[in-house]
Amino acid sequence: MSTPLALDRTRRVLAALETPIARAVAAARARDIDEQQVAVARLADLATKLRAAQDLAAYAATAGGIQTDYAGVFAGHVASEIAKLVRDNAAEHGLDASDMPGEEVQAFAREALAEERVRAIGRAVAQAKGRNDAPLDEMLVLARDAARDFTESEVAPNAERIHRHDELVSEEFLQKMAELGYFGLSVPEQYGGVEMGNVAMCITTEELSRGSLAAAGSLITRPEILTKALIAGGTEEQKLEWLPKIAAGELMVGISVTEPDIGSDVAGVKCRAERAIVDGEPGWTITGPKAWCTFAGRADILALLARTDPDMKKGNRGLTLFIVPKPRFLGHDFECTQPGGGKLSGKADATPGYRGMHSFTLNFERWFVPTDNVVGGDDGIGKGFYLQMGGFSAGRLQTAGRACGVAQAALEKTAEYVTDRIQFGKPLIDFQLTQYKLGWMAVQIAAARAMTYSAAAAMDEDERKASSYAAQAKLLACDVAVEVTQTGQLLHGGWGYAEEYPISRYVVDAQVLPIFEGVKPILQLRVVGKALLGT
Ligand SMILES: Cc1cc2nc3c(=O)[nH]c(=O)nc-3n(C[C@H](O)[C@H](O)[C@H](O)COP(=O)(O)OP(=O)(O)OC[C@H]3O[C@@H](n4cnc5c(N)ncnc54)[C@H](O)[C@@H]3O)c2cc1C
C-alpha cells in the first residue's frame, strides 16, 4: 500500500510550481502571441492544470477522503509536466536549468504518481461503481439529487434512442424540464427564473449531461447564453419581455453566430442587418448565411449576431445582437416566408454525435426583425460582439459542467464493465493496467470538476473578472472528457465500438466539446493565453 500524501505537502509543491509558470508567463509577455503560438498554447494548458490542481487541493481540504488522493496524484502529474517543460522547452519559455522543480517537488511527483497509488484509486472507483458522491453543501446535494433523479427517470430511458435515430428531443421532455425551472437557472427571480447561482447550475448541467449531452445537458446552454447577454446589455423592457418566457421554457432559443466562412474570427461576421420599414413597421432585415445553429429548427427565437455597419474596417464594432423570432419546425430542414417577403431556410448537418437538437446551416433573405429586438435598443447597436462574448463566457462555464457530466458517465459505465467482464479467468479490474487506467480517469475528472465548481463560484462573485477562469475550466474539462471517454472505450474492447454500448455515444459526444464556444486552439491562445499575458 502507498503511504497517504499529506495535503499540506501537496499544497507546498503546488506553491513551488507557481514560480516557473510565472517566469514563463513573464517571458511570454515580451512577444506577440501570434509569434509564439505553440509556446503560449502549451503555457495555457499548464497554467490551467496548475490552477485546477490548486482548486482540487482546496476542495480536498474540506472534503477529505479519496479527494485527498486525487489532489496528490493530480499535483504530481502537474509537477511532472512542468519538469518536462523545463527539460524539453526551457529556451522557448525563457526558462533555464534553475527553473527545474527542486528535489522536494520531484520526490513528491515520484511518490504521487507511483502506480500502486493510482491503481488503488482505480480499485476503489470500481468498487463504488464510479459513482460521484463527492461531498457538497447541503443545498448543492439537493440540486444534484434532484437532477440525478430526473436524469434517471426521464433522460436515460430515451438517450440511446434519440442518439441512434437522430431524433429531436420531445415536446413532453421540454415541458418537464421547464416545470423544474431548468431553463431559468440563471434568470433572476424578478424576471421569473430560479437563479440558483453558477455552482448549482453547473451541478445540474453535469447530472443532465451524464444522461445525455445533446438531449438534456445542452438544452440549457442556449437560454443560458442569451440570458447572460440580456442581463448584461438588454433594456429593462427587453428583460421583462424575454426573460420570463425563456425561464418558463415557453420560448426555445438558438444561438446564431457562426457562418460558413466565419468561425473563430467572430469579428469578421458578414451576415448583414439593414434598417427597413416593412408593412409600415420600422425594423431591420437580416440577409446572409449562418452555420451550425444548434436547435434552430425547434427554436422560437435566435440570438443572432449581424453586421449593422457595412464598413468591414469597423470589425467587431460593426456588429449588433438581435433576437430573431421564427416559426417552430421539428424536422431536419425547413423553409418559411414572412408576409413582407422575408425568407428563412435551414438544413441540419449530419453529425456523428451531439444528436437531439440538430445543428443547422441557415440562409436569411431580408428576414424582418422589429426595432425592439435589437439587444440593448439603440445603445446596443455596435455592441453585439461584447454582449455575445459575455454570453459565451457563461456558456463556457456551463460547457465545463457538460464535459464533467459526459466524462462521469463514461467513468460509471467503464467501472461497471471492467467489474463484470471476465478475460483470462478474471474480471478486467483485477488486471493492474485496468486499475491504473480507471484510477487516472477518476483523478482527471476530479480535477476538472473542482476547477469547474471553483470557476462557477468565482463567476458568482464577478463575471467579468472570472471569465478567463471559466474558459480555463472549459479548456480542461473538455480535454478530460475526450480522454476519459476514449480510455473508457478502450477498456470496453470491441464492445466499446458497438452502438449497443453507451460508451460509444459518449466518445462521439465528447469530441464536439473542444470545438464549440471557442475551438480549443482559440481558447488556448486568444482567451486563456491572452488573459495570462494580460494583453
Ligand atoms: C455540433 C456543433 C454545434 C455548434 N453549435 C453552434 C451554435 O449553436 N451556434 C454557433 O454560432 N456556432 C455553433 N457551432 C460552431 C462552432 O462554434 C465553431 O465550429 C467554432 O467556433 C470554430 O469555428 P470553425 O468551425 O469555423 O473553425 P475555424 O475558425 O475555421 O478554425 C479551424 C481551426 O483552425 C485553426 N485556427 C483558426 N484560427 C486560428 C488562429 N488565430 N491561430 C491558430 N490557429 C487557428 C485552429 O486549429 C482551429 O481549430 C457549432 C459547431 C458544432 C460542430
# chains A, B, ... in the order shown; residues from 1 in each chain; ligands from 1
>>> residues_around(residues="Ile286 of chain A", least_positions_apart="6", cutoff="9 Å", atoms="only C-alpha atoms", output="VMD selection string")
chain A and resid 271 to 274 306 342 364 to 369
>>> write_last_selection(atoms="C-alpha atoms", output="CSV table (one decimal), in the first residue's frame")
chain,number,residue,atom,x,y,z
A,271,CYS,CA,-24.4,38.4,-42.2
A,272,ARG,CA,-25.9,41.9,-42.5
A,273,ALA,CA,-28.8,43.7,-40.9
A,274,GLU,CA,-30.2,46.7,-42.7
A,306,ALA,CA,-25.2,40.6,-37.6
A,342,GLY,CA,-38.6,37.7,-45.9
A,364,PHE,CA,-31.7,34.6,-44.3
A,365,GLU,CA,-33.1,36.7,-47.2
A,366,ARG,CA,-34.5,40.0,-46.0
A,367,TRP,CA,-35.9,38.4,-42.9
A,368,PHE,CA,-37.7,41.1,-40.9
A,369,VAL,CA,-37.0,41.8,-37.2
>>> residues_near_ligand(ligand="ligand 1", cutoff="9 Å", atoms="only C-alpha atoms and all ligand atoms", output="PDB file with N, CA, C and O atoms, in the first residue's frame")
ATOM      1  N   ASP A  34       0.903  35.708 -31.438  1.00  0.00           N
ATOM      2  CA  ASP A  34       0.964  35.004 -32.720  1.00  0.00           C
ATOM      3  C   ASP A  34       2.390  34.683 -33.165  1.00  0.00           C
ATOM      4  O   ASP A  34       2.593  33.905 -34.091  1.00  0.00           O
ATOM      5  N   GLN A  37       2.865  31.004 -30.863  1.00  0.00           N
ATOM      6  CA  GLN A  37       1.598  30.299 -30.605  1.00  0.00           C
ATOM      7  C   GLN A  37       1.792  28.949 -29.898  1.00  0.00           C
ATOM      8  O   GLN A  37       1.026  28.608 -28.992  1.00  0.00           O
ATOM      9  N   ARG A 222     -28.241  27.229 -24.450  1.00  0.00           N
ATOM     10  CA  ARG A 222     -28.714  28.334 -25.281  1.00  0.00           C
ATOM     11  C   ARG A 222     -29.444  29.409 -24.455  1.00  0.00           C
ATOM     12  O   ARG A 222     -29.090  30.586 -24.530  1.00  0.00           O
ATOM     13  N   GLY A 254     -32.057  29.540 -29.984  1.00  0.00           N
ATOM     14  CA  GLY A 254     -30.884  29.102 -30.744  1.00  0.00           C
ATOM     15  C   GLY A 254     -29.878  30.241 -30.735  1.00  0.00           C
ATOM     16  O   GLY A 254     -30.254  31.405 -30.587  1.00  0.00           O
ATOM     17  N   ILE A 255     -28.587  29.909 -30.871  1.00  0.00           N
ATOM     18  CA  ILE A 255     -27.546  30.944 -30.898  1.00  0.00           C
ATOM     19  C   ILE A 255     -26.924  30.929 -32.286  1.00  0.00           C
ATOM     20  O   ILE A 255     -26.407  29.890 -32.722  1.00  0.00           O
ATOM     21  N   SER A 256     -26.977  32.060 -32.987  1.00  0.00           N
ATOM     22  CA  SER A 256     -26.525  32.075 -34.371  1.00  0.00           C
ATOM     23  C   SER A 256     -25.411  33.101 -34.566  1.00  0.00           C
ATOM     24  O   SER A 256     -25.668  34.279 -34.821  1.00  0.00           O
ATOM     25  N   VAL A 257     -24.185  32.617 -34.427  1.00  0.00           N
ATOM     26  CA  VAL A 257     -23.009  33.472 -34.601  1.00  0.00           C
ATOM     27  C   VAL A 257     -22.202  32.992 -35.809  1.00  0.00           C
ATOM     28  O   VAL A 257     -21.910  33.742 -36.730  1.00  0.00           O
ATOM     29  N   THR A 258     -21.876  31.690 -35.802  1.00  0.00           N
ATOM     30  CA  THR A 258     -21.003  31.106 -36.825  1.00  0.00           C
ATOM     31  C   THR A 258     -21.614  31.229 -38.222  1.00  0.00           C
ATOM     32  O   THR A 258     -22.837  31.164 -38.378  1.00  0.00           O
ATOM     33  N   GLU A 259     -20.746  31.419 -39.221  1.00  0.00           N
ATOM     34  CA  GLU A 259     -21.176  31.441 -40.623  1.00  0.00           C
ATOM     35  C   GLU A 259     -20.352  30.419 -41.393  1.00  0.00           C
ATOM     36  O   GLU A 259     -19.307  29.979 -40.901  1.00  0.00           O
ATOM     37  N   PRO A 260     -20.780  30.060 -42.603  1.00  0.00           N
ATOM     38  CA  PRO A 260     -19.999  29.056 -43.327  1.00  0.00           C
ATOM     39  C   PRO A 260     -18.522  29.458 -43.469  1.00  0.00           C
ATOM     40  O   PRO A 260     -17.646  28.613 -43.352  1.00  0.00           O
ATOM     41  N   ASP A 261     -18.259  30.760 -43.670  1.00  0.00           N
ATOM     42  CA  ASP A 261     -16.870  31.192 -43.864  1.00  0.00           C
ATOM     43  C   ASP A 261     -16.273  31.867 -42.636  1.00  0.00           C
ATOM     44  O   ASP A 261     -15.132  32.313 -42.667  1.00  0.00           O
ATOM     45  N   ILE A 262     -17.059  32.014 -41.593  1.00  0.00           N
ATOM     46  CA  ILE A 262     -16.563  32.722 -40.396  1.00  0.00           C
ATOM     47  C   ILE A 262     -16.824  31.864 -39.171  1.00  0.00           C
ATOM     48  O   ILE A 262     -17.972  31.571 -38.835  1.00  0.00           O
ATOM     49  N   GLY A 263     -15.742  31.458 -38.520  1.00  0.00           N
ATOM     50  CA  GLY A 263     -15.902  30.664 -37.299  1.00  0.00           C
ATOM     51  C   GLY A 263     -15.251  31.383 -36.132  1.00  0.00           C
ATOM     52  O   GLY A 263     -15.864  32.204 -35.447  1.00  0.00           O
ATOM     53  N   SER A 264     -13.952  31.104 -35.938  1.00  0.00           N
ATOM     54  CA  SER A 264     -13.253  31.680 -34.789  1.00  0.00           C
ATOM     55  C   SER A 264     -13.130  33.203 -34.895  1.00  0.00           C
ATOM     56  O   SER A 264     -13.146  33.905 -33.885  1.00  0.00           O
ATOM     57  N   ASP A 265     -13.018  33.697 -36.116  1.00  0.00           N
ATOM     58  CA  ASP A 265     -12.813  35.144 -36.308  1.00  0.00           C
ATOM     59  C   ASP A 265     -14.174  35.853 -36.269  1.00  0.00           C
ATOM     60  O   ASP A 265     -14.632  36.427 -37.266  1.00  0.00           O
ATOM     61  N   VAL A 266     -14.791  35.828 -35.098  1.00  0.00           N
ATOM     62  CA  VAL A 266     -16.172  36.320 -34.960  1.00  0.00           C
ATOM     63  C   VAL A 266     -16.296  37.780 -35.406  1.00  0.00           C
ATOM     64  O   VAL A 266     -17.314  38.183 -35.977  1.00  0.00           O
ATOM     65  N   LYS A 290     -25.843  31.558 -42.241  1.00  0.00           N
ATOM     66  CA  LYS A 290     -25.281  31.243 -40.922  1.00  0.00           C
ATOM     67  C   LYS A 290     -25.032  29.736 -40.893  1.00  0.00           C
ATOM     68  O   LYS A 290     -25.644  28.981 -41.669  1.00  0.00           O
ATOM     69  N   ALA A 291     -24.149  29.285 -40.011  1.00  0.00           N
ATOM     70  CA  ALA A 291     -23.830  27.852 -39.967  1.00  0.00           C
ATOM     71  C   ALA A 291     -23.902  27.335 -38.539  1.00  0.00           C
ATOM     72  O   ALA A 291     -23.789  28.117 -37.583  1.00  0.00           O
ATOM     73  N   TRP A 292     -24.099  26.042 -38.410  1.00  0.00           N
ATOM     74  CA  TRP A 292     -24.013  25.349 -37.123  1.00  0.00           C
ATOM     75  C   TRP A 292     -24.924  25.944 -36.047  1.00  0.00           C
ATOM     76  O   TRP A 292     -24.515  26.055 -34.892  1.00  0.00           O
ATOM     77  N   CYS A 293     -26.106  26.358 -36.436  1.00  0.00           N
ATOM     78  CA  CYS A 293     -27.000  26.930 -35.425  1.00  0.00           C
ATOM     79  C   CYS A 293     -27.807  25.787 -34.782  1.00  0.00           C
ATOM     80  O   CYS A 293     -28.774  25.283 -35.358  1.00  0.00           O
ATOM     81  N   THR A 294     -27.367  25.392 -33.589  1.00  0.00           N
ATOM     82  CA  THR A 294     -27.963  24.233 -32.924  1.00  0.00           C
ATOM     83  C   THR A 294     -29.368  24.562 -32.425  1.00  0.00           C
ATOM     84  O   THR A 294     -29.575  25.616 -31.812  1.00  0.00           O
ATOM     85  N   PHE A 295     -30.305  23.647 -32.712  1.00  0.00           N
ATOM     86  CA  PHE A 295     -31.706  23.743 -32.282  1.00  0.00           C
ATOM     87  C   PHE A 295     -32.474  24.797 -33.086  1.00  0.00           C
ATOM     88  O   PHE A 295     -33.588  25.169 -32.710  1.00  0.00           O
ATOM     89  N   ALA A 296     -31.886  25.250 -34.208  1.00  0.00           N
ATOM     90  CA  ALA A 296     -32.520  26.342 -34.967  1.00  0.00           C
ATOM     91  C   ALA A 296     -33.887  25.960 -35.497  1.00  0.00           C
ATOM     92  O   ALA A 296     -34.740  26.827 -35.691  1.00  0.00           O
ATOM     93  N   LEU A 304     -28.976  36.327 -32.695  1.00  0.00           N
ATOM     94  CA  LEU A 304     -28.195  36.349 -33.947  1.00  0.00           C
ATOM     95  C   LEU A 304     -27.289  37.576 -34.008  1.00  0.00           C
ATOM     96  O   LEU A 304     -27.732  38.705 -33.750  1.00  0.00           O
ATOM     97  N   LEU A 305     -26.022  37.319 -34.327  1.00  0.00           N
ATOM     98  CA  LEU A 305     -25.053  38.412 -34.448  1.00  0.00           C
ATOM     99  C   LEU A 305     -24.978  38.817 -35.913  1.00  0.00           C
ATOM    100  O   LEU A 305     -24.730  37.977 -36.785  1.00  0.00           O
ATOM    101  N   ASP A 349     -27.103  19.700 -40.471  1.00  0.00           N
ATOM    102  CA  ASP A 349     -25.907  18.993 -40.935  1.00  0.00           C
ATOM    103  C   ASP A 349     -25.781  17.698 -40.140  1.00  0.00           C
ATOM    104  O   ASP A 349     -25.852  17.724 -38.909  1.00  0.00           O
ATOM    105  N   THR A 351     -24.246  14.786 -38.140  1.00  0.00           N
ATOM    106  CA  THR A 351     -23.060  14.709 -37.272  1.00  0.00           C
ATOM    107  C   THR A 351     -23.005  13.325 -36.614  1.00  0.00           C
ATOM    108  O   THR A 351     -24.055  12.700 -36.401  1.00  0.00           O
ATOM    109  N   GLY A 353     -22.275  12.615 -33.548  1.00  0.00           N
ATOM    110  CA  GLY A 353     -22.784  12.656 -32.177  1.00  0.00           C
ATOM    111  C   GLY A 353     -23.514  13.963 -31.949  1.00  0.00           C
ATOM    112  O   GLY A 353     -23.890  14.645 -32.898  1.00  0.00           O
ATOM    113  N   TYR A 354     -23.708  14.321 -30.676  1.00  0.00           N
ATOM    114  CA  TYR A 354     -24.372  15.565 -30.301  1.00  0.00           C
ATOM    115  C   TYR A 354     -25.749  15.625 -30.961  1.00  0.00           C
ATOM    116  O   TYR A 354     -26.138  16.626 -31.543  1.00  0.00           O
ATOM    117  N   ARG A 355     -26.476  14.508 -30.855  1.00  0.00           N
ATOM    118  CA  ARG A 355     -27.782  14.421 -31.503  1.00  0.00           C
ATOM    119  C   ARG A 355     -28.897  14.661 -30.495  1.00  0.00           C
ATOM    120  O   ARG A 355     -28.772  14.261 -29.340  1.00  0.00           O
ATOM    121  N   HIS A 358     -30.201  18.845 -33.366  1.00  0.00           N
ATOM    122  CA  HIS A 358     -29.824  19.122 -34.754  1.00  0.00           C
ATOM    123  C   HIS A 358     -29.177  20.514 -34.879  1.00  0.00           C
ATOM    124  O   HIS A 358     -29.669  21.490 -34.322  1.00  0.00           O
ATOM    125  N   SER A 359     -28.092  20.575 -35.634  1.00  0.00           N
ATOM    126  CA  SER A 359     -27.391  21.852 -35.864  1.00  0.00           C
ATOM    127  C   SER A 359     -27.543  22.227 -37.335  1.00  0.00           C
ATOM    128  O   SER A 359     -27.235  21.419 -38.214  1.00  0.00           O
ATOM    129  N   PHE A 360     -28.015  23.436 -37.582  1.00  0.00           N
ATOM    130  CA  PHE A 360     -28.464  23.831 -38.924  1.00  0.00           C
ATOM    131  C   PHE A 360     -27.562  24.841 -39.626  1.00  0.00           C
ATOM    132  O   PHE A 360     -27.035  25.758 -38.993  1.00  0.00           O
ATOM    133  N   ASP A 509     -19.896  12.110 -28.589  1.00  0.00           N
ATOM    134  CA  ASP A 509     -20.419  13.346 -27.983  1.00  0.00           C
ATOM    135  C   ASP A 509     -19.266  14.203 -27.435  1.00  0.00           C
ATOM    136  O   ASP A 509     -19.223  15.416 -27.651  1.00  0.00           O
ATOM    137  N   VAL A 512     -17.135  16.772 -29.624  1.00  0.00           N
ATOM    138  CA  VAL A 512     -17.562  18.114 -30.058  1.00  0.00           C
ATOM    139  C   VAL A 512     -17.223  19.174 -28.989  1.00  0.00           C
ATOM    140  O   VAL A 512     -17.143  20.366 -29.288  1.00  0.00           O
ATOM    141  N   LEU A 513     -17.002  18.728 -27.764  1.00  0.00           N
ATOM    142  CA  LEU A 513     -16.853  19.698 -26.668  1.00  0.00           C
ATOM    143  C   LEU A 513     -15.685  20.674 -26.861  1.00  0.00           C
ATOM    144  O   LEU A 513     -15.839  21.871 -26.596  1.00  0.00           O
ATOM    145  N   PRO A 514     -14.514  20.205 -27.324  1.00  0.00           N
ATOM    146  CA  PRO A 514     -13.434  21.199 -27.520  1.00  0.00           C
ATOM    147  C   PRO A 514     -13.598  22.030 -28.790  1.00  0.00           C
ATOM    148  O   PRO A 514     -12.737  22.842 -29.101  1.00  0.00           O
ATOM    149  N   ILE A 515     -14.694  21.820 -29.522  1.00  0.00           N
ATOM    150  CA  ILE A 515     -14.861  22.556 -30.790  1.00  0.00           C
ATOM    151  C   ILE A 515     -15.694  23.820 -30.626  1.00  0.00           C
ATOM    152  O   ILE A 515     -15.338  24.883 -31.115  1.00  0.00           O
ATOM    153  N   PHE A 516     -16.835  23.713 -29.907  1.00  0.00           N
ATOM    154  CA  PHE A 516     -17.672  24.926 -29.889  1.00  0.00           C
ATOM    155  C   PHE A 516     -17.367  25.861 -28.717  1.00  0.00           C
ATOM    156  O   PHE A 516     -16.625  25.504 -27.815  1.00  0.00           O
ATOM    157  N   GLU A 517     -17.933  27.041 -28.804  1.00  0.00           N
ATOM    158  CA  GLU A 517     -17.700  28.120 -27.823  1.00  0.00           C
ATOM    159  C   GLU A 517     -16.222  28.468 -27.690  1.00  0.00           C
ATOM    160  O   GLU A 517     -15.705  28.664 -26.594  1.00  0.00           O
ATOM    161  N   GLY A 518     -15.567  28.525 -28.840  1.00  0.00           N
ATOM    162  CA  GLY A 518     -14.133  28.782 -28.854  1.00  0.00           C
ATOM    163  C   GLY A 518     -13.442  27.452 -29.027  1.00  0.00           C
ATOM    164  O   GLY A 518     -13.269  26.702 -28.070  1.00  0.00           O
ATOM    165  N   VAL A 519     -13.075  27.151 -30.301  1.00  0.00           N
ATOM    166  CA  VAL A 519     -12.388  25.882 -30.570  1.00  0.00           C
ATOM    167  C   VAL A 519     -11.084  25.890 -29.770  1.00  0.00           C
ATOM    168  O   VAL A 519     -10.510  26.943 -29.505  1.00  0.00           O
ATOM    169  N   LYS A 520     -10.621  24.720 -29.343  1.00  0.00           N
ATOM    170  CA  LYS A 520      -9.532  24.638 -28.367  1.00  0.00           C
ATOM    171  C   LYS A 520      -8.325  25.554 -28.659  1.00  0.00           C
ATOM    172  O   LYS A 520      -7.903  26.292 -27.763  1.00  0.00           O
ATOM    173  N   PRO A 521      -7.771  25.568 -29.884  1.00  0.00           N
ATOM    174  CA  PRO A 521      -6.603  26.446 -30.082  1.00  0.00           C
ATOM    175  C   PRO A 521      -6.923  27.931 -29.850  1.00  0.00           C
ATOM    176  O   PRO A 521      -6.074  28.681 -29.365  1.00  0.00           O
ATOM    177  N   ILE A 522      -8.133  28.329 -30.163  1.00  0.00           N
ATOM    178  CA  ILE A 522      -8.511  29.735 -29.948  1.00  0.00           C
ATOM    179  C   ILE A 522      -8.646  30.010 -28.449  1.00  0.00           C
ATOM    180  O   ILE A 522      -8.229  31.064 -27.949  1.00  0.00           O
ATOM    181  N   LEU A 525      -5.112  30.264 -27.055  1.00  0.00           N
ATOM    182  CA  LEU A 525      -4.326  31.439 -27.442  1.00  0.00           C
ATOM    183  C   LEU A 525      -5.029  32.747 -27.118  1.00  0.00           C
ATOM    184  O   LEU A 525      -4.473  33.622 -26.463  1.00  0.00           O
ATOM    185  N   ARG A 526      -6.267  32.856 -27.605  1.00  0.00           N
ATOM    186  CA  ARG A 526      -6.915  34.173 -27.604  1.00  0.00           C
ATOM    187  C   ARG A 526      -7.782  34.428 -26.389  1.00  0.00           C
ATOM    188  O   ARG A 526      -8.263  35.534 -26.207  1.00  0.00           O
TER     189      ARG A 526
END
>>> select_by_dssp(residues="segment 283-525 of chain A", states="strand (DSSP E or B)", output="VMD selection string")
chain A and resid 283 to 294 301 to 307 319 to 325 333 to 337 343 to 348 359 to 370 374 422 to 423 426 to 427
>>> residues_around(residues="Glu206 of chain A", least_positions_apart="5", cutoff="7 Å", atoms="only C-alpha atoms", output="list in words")
Gly217, Gly401, Arg402, Cys404 and Gly405 of chain A
>>> residues_around(residues="Phe183 of chain A", least_positions_apart="6", cutoff="7 Å", atoms="only C-alpha atoms", output="PyMOL selection string")
chain A and resi 220+223+246-249
>>> atom_distance(atom1="atom CA of Thr10 of chain A", atom2="atom CA of Ala455 of chain A")
20.8 Å
>>> select_by_dssp(residues="segment 190-316 of chain A", states="alpha helix (DSSP H)", output="PyMOL selection string")
chain A and resi 198-211+221-233+236-247
>>> write_last_selection(atoms="N, CA, C and O atoms", output="short mmCIF file (atom, residue, chain, number, x, y, z; two decimals), in the first residue's frame")
data_model
loop_
_atom_site.label_atom_id
_atom_site.label_comp_id
_atom_site.auth_asym_id
_atom_site.auth_seq_id
_atom_site.Cartn_x
_atom_site.Cartn_y
_atom_site.Cartn_z
N ASN A 198 -24.18 29.95 -10.01
CA ASN A 198 -23.46 29.20 -11.04
C ASN A 198 -23.05 27.79 -10.62
O ASN A 198 -22.95 26.90 -11.47
N VAL A 199 -22.78 27.59 -9.32
CA VAL A 199 -22.33 26.25 -8.91
C VAL A 199 -23.48 25.26 -9.08
O VAL A 199 -23.32 24.18 -9.68
N ALA A 200 -24.66 25.62 -8.61
CA ALA A 200 -25.82 24.74 -8.76
C ALA A 200 -26.16 24.55 -10.23
O ALA A 200 -26.54 23.44 -10.65
N MET A 201 -25.98 25.61 -11.02
CA MET A 201 -26.24 25.49 -12.46
C MET A 201 -25.29 24.45 -13.08
O MET A 201 -25.70 23.58 -13.85
N CYS A 202 -24.01 24.51 -12.68
CA CYS A 202 -23.04 23.54 -13.22
C CYS A 202 -23.36 22.12 -12.78
O CYS A 202 -23.24 21.17 -13.56
N ILE A 203 -23.74 21.98 -11.52
CA ILE A 203 -24.04 20.64 -11.00
C ILE A 203 -25.25 20.05 -11.72
O ILE A 203 -25.27 18.88 -12.11
N THR A 204 -26.27 20.88 -11.91
CA THR A 204 -27.47 20.41 -12.62
C THR A 204 -27.11 20.02 -14.05
O THR A 204 -27.50 18.95 -14.54
N THR A 205 -26.34 20.88 -14.71
CA THR A 205 -25.90 20.60 -16.08
C THR A 205 -25.14 19.28 -16.14
O THR A 205 -25.32 18.46 -17.04
N GLU A 206 -24.25 19.09 -15.16
CA GLU A 206 -23.41 17.90 -15.14
C GLU A 206 -24.28 16.64 -15.06
O GLU A 206 -24.07 15.68 -15.79
N GLU A 207 -25.26 16.68 -14.16
CA GLU A 207 -26.12 15.49 -13.99
C GLU A 207 -26.94 15.23 -15.25
O GLU A 207 -27.09 14.08 -15.66
N LEU A 208 -27.47 16.29 -15.86
CA LEU A 208 -28.27 16.10 -17.09
C LEU A 208 -27.38 15.56 -18.21
O LEU A 208 -27.79 14.66 -18.96
N SER A 209 -26.16 16.08 -18.31
CA SER A 209 -25.26 15.64 -19.38
C SER A 209 -24.77 14.22 -19.15
O SER A 209 -24.36 13.54 -20.09
N ARG A 210 -24.79 13.79 -17.92
CA ARG A 210 -24.45 12.40 -17.60
C ARG A 210 -25.45 11.47 -18.30
O ARG A 210 -25.12 10.37 -18.73
N GLY A 211 -26.69 11.95 -18.41
CA GLY A 211 -27.71 11.16 -19.11
C GLY A 211 -27.59 11.31 -20.61
O GLY A 211 -27.59 10.33 -21.36
N THR A 221 -27.89 25.32 -22.43
CA THR A 221 -26.79 26.21 -22.81
C THR A 221 -27.31 27.45 -23.52
O THR A 221 -26.88 28.58 -23.27
N ARG A 222 -28.24 27.23 -24.45
CA ARG A 222 -28.71 28.33 -25.28
C ARG A 222 -29.44 29.41 -24.45
O ARG A 222 -29.09 30.59 -24.53
N PRO A 223 -30.45 29.02 -23.63
CA PRO A 223 -31.06 30.06 -22.79
C PRO A 223 -30.05 30.73 -21.87
O PRO A 223 -30.13 31.94 -21.62
N GLU A 224 -29.07 29.93 -21.42
CA GLU A 224 -28.04 30.48 -20.54
C GLU A 224 -27.28 31.63 -21.23
O GLU A 224 -27.10 32.70 -20.67
N ILE A 225 -26.87 31.40 -22.49
CA ILE A 225 -26.08 32.40 -23.22
C ILE A 225 -26.92 33.66 -23.47
O ILE A 225 -26.47 34.79 -23.21
N LEU A 226 -28.15 33.47 -23.94
CA LEU A 226 -28.97 34.66 -24.22
C LEU A 226 -29.35 35.39 -22.93
O LEU A 226 -29.35 36.63 -22.88
N THR A 227 -29.64 34.62 -21.87
CA THR A 227 -29.98 35.25 -20.59
C THR A 227 -28.86 36.18 -20.13
O THR A 227 -29.10 37.34 -19.76
N LYS A 228 -27.61 35.68 -20.21
CA LYS A 228 -26.48 36.49 -19.73
C LYS A 228 -26.31 37.73 -20.61
O LYS A 228 -26.00 38.82 -20.11
N ALA A 229 -26.53 37.58 -21.92
CA ALA A 229 -26.39 38.74 -22.82
C ALA A 229 -27.48 39.77 -22.51
O ALA A 229 -27.22 40.98 -22.47
N LEU A 230 -28.70 39.29 -22.23
CA LEU A 230 -29.79 40.22 -21.93
C LEU A 230 -29.57 40.92 -20.59
O LEU A 230 -29.81 42.13 -20.46
N ILE A 231 -29.11 40.15 -19.61
CA ILE A 231 -28.88 40.77 -18.29
C ILE A 231 -27.78 41.84 -18.42
O ILE A 231 -27.89 42.92 -17.87
N ALA A 232 -26.75 41.53 -19.21
CA ALA A 232 -25.63 42.48 -19.33
C ALA A 232 -25.99 43.70 -20.17
O ALA A 232 -25.57 44.81 -19.87
N GLY A 233 -26.78 43.49 -21.23
CA GLY A 233 -26.93 44.61 -22.16
C GLY A 233 -28.34 44.89 -22.62
O GLY A 233 -28.55 45.84 -23.39
N GLU A 236 -34.48 47.36 -19.88
CA GLU A 236 -35.39 46.81 -18.85
C GLU A 236 -36.63 46.19 -19.52
O GLU A 236 -37.09 45.12 -19.13
N GLU A 237 -37.13 46.87 -20.56
CA GLU A 237 -38.32 46.33 -21.27
C GLU A 237 -37.99 44.97 -21.88
O GLU A 237 -38.82 44.06 -21.85
N GLN A 238 -36.80 44.85 -22.43
CA GLN A 238 -36.43 43.57 -23.05
C GLN A 238 -36.30 42.47 -22.01
O GLN A 238 -36.71 41.34 -22.24
N LYS A 239 -35.73 42.81 -20.85
CA LYS A 239 -35.61 41.79 -19.79
C LYS A 239 -37.00 41.32 -19.39
O LYS A 239 -37.24 40.12 -19.21
N LEU A 240 -37.91 42.30 -19.23
CA LEU A 240 -39.28 41.94 -18.80
C LEU A 240 -40.01 41.16 -19.89
O LEU A 240 -40.83 40.29 -19.60
N GLU A 241 -39.69 41.46 -21.14
CA GLU A 241 -40.37 40.79 -22.24
C GLU A 241 -39.86 39.36 -22.44
O GLU A 241 -40.64 38.41 -22.58
N TRP A 242 -38.53 39.18 -22.48
CA TRP A 242 -37.99 37.90 -22.92
C TRP A 242 -37.65 36.94 -21.78
O TRP A 242 -37.86 35.72 -21.91
N LEU A 243 -37.08 37.45 -20.69
CA LEU A 243 -36.55 36.53 -19.67
C LEU A 243 -37.61 35.61 -19.06
O LEU A 243 -37.38 34.40 -18.91
N PRO A 244 -38.81 36.13 -18.71
CA PRO A 244 -39.80 35.21 -18.12
C PRO A 244 -40.20 34.09 -19.08
O PRO A 244 -40.39 32.95 -18.67
N LYS A 245 -40.25 34.42 -20.38
CA LYS A 245 -40.65 33.39 -21.36
C LYS A 245 -39.52 32.38 -21.57
O LYS A 245 -39.78 31.19 -21.78
N ILE A 246 -38.30 32.85 -21.51
CA ILE A 246 -37.16 31.92 -21.62
C ILE A 246 -37.15 31.00 -20.40
O ILE A 246 -37.03 29.78 -20.50
N ALA A 247 -37.29 31.62 -19.22
CA ALA A 247 -37.23 30.84 -17.97
C ALA A 247 -38.34 29.79 -17.92
O ALA A 247 -38.14 28.68 -17.41
#
>>> residues_around(residues="Leu17 of chain A", least_positions_apart="5", cutoff="12 Å", atoms="only C-alpha atoms", output="PyMOL selection string")
chain A and resi 10-12+22-24+46-47+49-51+53-54+75-83+85-86+99-102+104-106+109
